[in-house]
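A quick write-up on the structure given underneath.
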Amino acid sequence: MNYISRIFRRRGFGVQLPFAFDLITGVIYQRTPYYAYEPLRRQEKQLAPEKDNHWLSEPLRLKRLLFRLANEVKADTIVDVGVLAASSLYLKAARLPIDFLYLHHYRHPDVVEAAFRVCAPRATRRSLFVVRGIGRSRAMKQLWARLQNDPRVGITFSLSDVGLLFFDTSRHKQHYEL
C-alpha cells in the first residue's frame with residue numbers, strides 16, 4: 001500500500017467500521033497527553049541506570065501507544081514477552097481490570113510464534129496482542145501473515161513496524177494498513 005493511502009487511513013478516511021475508526025482516531029493517533037506520561041517518564045529515568053546494558057531502549061511513541069492500547073482494552077492480565085524494556089513500566093501503569101500480550105522479541109520470530117501459540121487459546125473477545133517488528137525481516141513478515149490469518153483473530157492493524165491483533169471474531173475479519 002503506498003504512502004498516500006496510508007496518510008488518509010491514519011485519519012480514518014475510508015474506514016467504515018466504527019470500532020476501527022474510533023481506535024484509529026481516538027487511540028492509535030491520539031496526541032493528547034495522558035495523566036501517567038510524566039510520572040512514567042520520571043520513573044523510567046530513575047530505573048534506567050540500574051538496568052545497565054540489558055535495558056532495551058524503545059521509542060517514546062511506542063511506549064505511549066502501548067499504554068493507550070492497554071487502557072483501551074481494559075486488560076485484566078498483561079503479558080510482556082521480549083527483552084527487558086521501559087515499555088513494561090507503561091504497560092504496568094495501565095493496570096486495569098491473558099487480555100493484552102506484547103510480543104517484541106522480533107529478532108527471534110520462533111519465540112514470538114511460541115508465545116502466540118501458548119497465549120492465543122487463552123485469549124478472550126476483549127484480547128489484544130501487539131507484535132513489534134512485523135516488517136523487520138522476511139521471517140517476521142511471514143509470521144505476521146500467519147498471525148493475521150489465524151482463525152481466532154478478527155480485526156488486525158499494521159502500523160508499519162507494529163501489528164495489532166484483536167480476537168473479537170463477532171466482527172467481520174479485516175486487515176487495516178495504517
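The chains in the C-alpha cells are called A, B, ... from first to last as shown; in each chain the residues are counted from 1, and the ligands are counted from 1 in the order shown.
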
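Backbone DSSP of chain A yields strand (DSSP E or B) at Leu56, Ile78, Val79, Asp80, Val81, Ala85, Phe100, Leu101, Tyr102, Leu103, Leu128, Phe129, Val130, Val131, Arg132, Thr156, Phe157, Ser158, Leu159, Val162, Gly163, Leu164, Leu165, Phe166, His175, Tyr176 and Glu177 of chain A.
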
Closest atom pairs, residues of segment 72-148 of chain A within 12 Å of segment 159-168 of chain A, only C-alpha atoms, as a tab-separated table:
```
residue	atom	partner	partner_atom	distance
A:Val73	CA	A:Phe166	CA	9.8
A:Ile98	CA	A:Phe167	CA	11.5
A:Asp99	CA	A:Phe167	CA	9.4
A:Phe100	CA	A:Phe166	CA	9.7
A:Leu101	CA	A:Leu165	CA	9.6
A:Tyr102	CA	A:Leu164	CA	9.5
A:Leu103	CA	A:Gly163	CA	9.7
A:His104	CA	A:Val162	CA	9.2
A:Tyr106	CA	A:Asp161	CA	10.3
A:Phe116	CA	A:Leu165	CA	10.8
A:Cys119	CA	A:Phe167	CA	11.7
A:Ala120	CA	A:Phe167	CA	8.8
A:Pro121	CA	A:Phe167	CA	10.4
A:Arg122	CA	A:Phe167	CA	10.5
A:Ala123	CA	A:Phe167	CA	6.9
A:Thr124	CA	A:Phe167	CA	6.6
A:Arg125	CA	A:Asp168	CA	4.2
A:Arg126	CA	A:Asp168	CA	6.4
A:Ser127	CA	A:Phe167	CA	5.6
A:Leu128	CA	A:Phe166	CA	4.8
A:Phe129	CA	A:Leu165	CA	5.1
A:Val130	CA	A:Leu164	CA	4.8
A:Val131	CA	A:Gly163	CA	5.0
A:Arg132	CA	A:Val162	CA	4.5
A:Gly133	CA	A:Asp161	CA	5.0
A:Ile134	CA	A:Asp161	CA	5.4
A:Gly135	CA	A:Asp161	CA	5.7
A:Arg136	CA	A:Asp161	CA	7.4
A:Ser137	CA	A:Asp161	CA	10.7
A:Met140	CA	A:Asp161	CA	10.3
A:Lys141	CA	A:Asp161	CA	10.1
A:Leu143	CA	A:Gly163	CA	11.1
A:Trp144	CA	A:Gly163	CA	7.8
A:Ala145	CA	A:Gly163	CA	10.4
A:Arg146	CA	A:Leu165	CA	11.5
A:Leu147	CA	A:Leu165	CA	8.0
A:Gln148	CA	A:Leu165	CA	7.1
```

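Atom CA of Arg64 of chain A is positioned 26.6 Å from atom CA of Asp110 of chain A.
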